[in-house]
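File shown: my_file_18.cif (mmCIF, C-alpha atoms and all ligand atoms).
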```cif
data_model
#
loop_
_atom_site.group_PDB
_atom_site.id
_atom_site.type_symbol
_atom_site.label_atom_id
_atom_site.label_comp_id
_atom_site.auth_asym_id
_atom_site.auth_seq_id
_atom_site.Cartn_x
_atom_site.Cartn_y
_atom_site.Cartn_z
ATOM 1 C CA MET A 1 -21.139 -104.806 -59.489
ATOM 2 C CA LEU A 2 -20.772 -107.714 -61.904
ATOM 3 C CA LYS A 3 -22.810 -110.826 -61.412
ATOM 4 C CA LYS A 4 -20.944 -113.863 -62.827
ATOM 5 C CA GLU A 5 -22.569 -117.049 -64.086
ATOM 6 C CA GLU A 6 -21.211 -120.158 -65.749
ATOM 7 C CA ARG A 7 -22.083 -121.042 -69.321
ATOM 8 C CA MET A 8 -21.119 -123.834 -71.677
ATOM 9 C CA VAL A 9 -19.015 -122.738 -74.634
ATOM 10 C CA LYS A 10 -18.546 -124.879 -77.729
ATOM 11 C CA GLU A 11 -15.090 -124.863 -79.222
ATOM 12 C CA LEU A 12 -13.467 -126.495 -82.227
ATOM 13 C CA TYR A 13 -10.476 -128.687 -81.568
ATOM 14 C CA THR A 14 -8.420 -131.120 -83.585
ATOM 15 C CA ALA A 15 -9.667 -134.583 -82.647
ATOM 16 C CA GLU A 16 -7.818 -136.520 -85.344
ATOM 17 C CA VAL A 17 -4.929 -135.971 -87.728
ATOM 18 C CA ILE A 18 -4.481 -137.890 -90.974
ATOM 19 C CA CYS A 19 -0.951 -137.922 -92.360
ATOM 20 C CA ASN A 20 -0.933 -136.676 -95.956
ATOM 21 C CA LYS A 21 1.909 -139.040 -96.904
ATOM 22 C CA CYS A 22 1.066 -142.428 -95.343
ATOM 23 C CA GLY A 23 -2.651 -141.889 -94.641
ATOM 24 C CA ARG A 24 -2.353 -143.012 -91.030
ATOM 25 C CA SER A 25 -4.826 -141.508 -88.580
ATOM 26 C CA PHE A 26 -3.787 -140.584 -85.044
ATOM 27 C CA ASN A 27 -4.754 -138.607 -81.961
ATOM 28 C CA PRO A 28 -2.887 -135.269 -81.844
ATOM 29 C CA GLU A 29 -3.101 -135.223 -78.052
ATOM 30 C CA THR A 30 -0.916 -138.325 -77.793
ATOM 31 C CA GLU A 31 1.303 -137.941 -80.859
ATOM 32 C CA ASP A 32 3.104 -134.915 -82.229
ATOM 33 C CA TYR A 33 3.080 -134.034 -85.929
ATOM 34 C CA LEU A 34 4.087 -131.367 -88.422
ATOM 35 C CA HIS A 35 1.449 -128.970 -89.773
ATOM 36 C CA ILE A 36 2.308 -126.699 -92.693
ATOM 37 C CA GLU A 37 0.120 -123.954 -94.178
ATOM 38 C CA LYS A 38 1.086 -122.051 -97.299
ATOM 39 C CA LYS A 39 -0.595 -119.422 -99.407
ATOM 40 C CA TRP A 40 1.359 -119.059 -102.621
ATOM 41 C CA GLY A 41 2.225 -115.538 -103.670
ATOM 42 C CA TYR A 42 1.673 -113.568 -106.839
ATOM 43 C CA PHE A 43 4.993 -114.462 -108.499
ATOM 44 C CA SER A 44 4.714 -118.200 -107.791
ATOM 45 C CA LYS A 45 3.436 -120.896 -110.167
ATOM 46 C CA SER A 46 0.400 -121.321 -107.870
ATOM 47 C CA ASP A 47 -0.741 -117.726 -107.434
ATOM 48 C CA GLY A 48 -3.254 -117.441 -104.580
ATOM 49 C CA ARG A 49 -3.398 -121.193 -103.944
ATOM 50 C CA TYR A 50 -3.715 -122.230 -100.295
ATOM 51 C CA GLN A 51 -2.393 -125.585 -99.139
ATOM 52 C CA GLU A 52 -2.220 -127.439 -95.814
ATOM 53 C CA ILE A 53 -0.151 -130.537 -95.138
ATOM 54 C CA ASP A 54 0.083 -132.707 -92.023
ATOM 55 C CA LEU A 55 2.865 -135.248 -91.596
ATOM 56 C CA CYS A 56 3.332 -137.849 -88.858
ATOM 57 C CA GLN A 57 6.760 -138.035 -87.221
ATOM 58 C CA ASP A 58 7.853 -141.100 -89.244
ATOM 59 C CA CYS A 59 7.001 -139.419 -92.566
ATOM 60 C CA TRP A 60 8.658 -136.191 -91.450
ATOM 61 C CA ASN A 61 11.840 -138.089 -90.545
ATOM 62 C CA GLU A 62 11.724 -139.926 -93.889
ATOM 63 C CA PHE A 63 11.322 -136.602 -95.708
ATOM 64 C CA CYS A 64 14.238 -135.082 -93.769
ATOM 65 C CA SER A 65 16.478 -138.029 -94.625
ATOM 66 C CA SER A 66 15.767 -137.441 -98.342
ATOM 67 C CA LEU A 67 17.103 -133.877 -98.199
ATOM 68 C CA ILE A 68 20.605 -133.143 -99.488
ATOM 69 C CA ILE A 69 21.087 -130.569 -96.707
ATOM 70 C CA LYS A 70 19.756 -132.084 -93.467
ATOM 71 C CA PRO A 71 17.857 -129.886 -90.989
HETATM 72 ZN ZN ZN B 101 2.829 -140.537 -92.102
#
```

Rewrite the structure of this file - the entire thing - as structure tokens.
Ligand SMILES: [Zn+2]
Amino acid sequence: MLKKEERMVKELYTAEVICNKCGRSFNPETEDYLHIEKKWGYFSKSDGRYQEIDLCQDCWNEFCSSLIIKP
């Protein structure tokens, strides 16, 4: 027999996102955004470097419009 009890568990969550391009801060629960993580490989110019970038929707759309081949 298993006796169950409740317990409080702490968890990490994203409470705020700051756009890397425009610097605007926003709540990720009310606004969507793009999150990119990249660890550069051995044959790259940034061997072993890890980078994270967050972009708000406006900056993502601006970036997309600058591309020659649109997504
Ligand atoms: Zn932005």

Counting only C-alpha atoms and all ligand atoms, the residue among A:Ile53, A:Val9, A:Cys59, A:Ile18 that lies closest to ligand ZN 101 (chain B) is A:Cys59

Residues of chain A within 8 Å of ligand ZN 101 (chain B): nearest atom pair and distance (Å, one decimal) for each, counting all atoms listed in the file, sorted by chain and number, as a Markdown table?
```
| residue | atom | partner | partner_atom | distance |
| --- | --- | --- | --- | --- |
| A:Ile18 | CA | B:ZN101 | ZN | 7.9 |
| A:Cys19 | CA | B:ZN101 | ZN | 4.6 |
| A:Asn20 | CA | B:ZN101 | ZN | 6.6 |
| A:Lys21 | CA | B:ZN101 | ZN | 5.1 |
| A:Cys22 | CA | B:ZN101 | ZN | 4.1 |
| A:Gly23 | CA | B:ZN101 | ZN | 6.2 |
| A:Arg24 | CA | B:ZN101 | ZN | 5.8 |
| A:Leu55 | CA | B:ZN101 | ZN | 5.3 |
| A:Cys56 | CA | B:ZN101 | ZN | 4.2 |
| A:Gln57 | CA | B:ZN101 | ZN | 6.7 |
| A:Asp58 | CA | B:ZN101 | ZN | 5.8 |
| A:Cys59 | CA | B:ZN101 | ZN | 4.3 |
| A:Trp60 | CA | B:ZN101 | ZN | 7.3 |
```

**Study point:** Output check: residues returned by the PyMOL selection byres (((chain A and resi 29) around 9) and not hetatm), as a PyMOL selection string
**Key:** chain A and resi 14-16+26-28+30-32

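Counting from atom CA of Gln51 of chain A, the distance to atom CA of Cys64 of chain A is 19.9 Å.
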
Next on the checklist: Could you list, as a PyMOL selection string, every residue matched by the PyMOL selection byres (((chain A and resi 35) around 6) and not hetatm) in this structure?
Outcome noted: chain A and resi 34+36+53-54

Given all atoms listed in the file as the counted atoms, nearest of A:Glu11, A:Ser66, A:Lys4, A:Val17 to Tyr33 of chain A
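Using all atoms listed in the file, the shortest distance to Tyr33 of chain A belongs to A:Val17.
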
Can you work out the spacing between atom CA of Leu12 of chain A and atom CA of Gly41 of chain A in Å, to one decimal?
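Distance reported for this atom pair: 28.7 Å.
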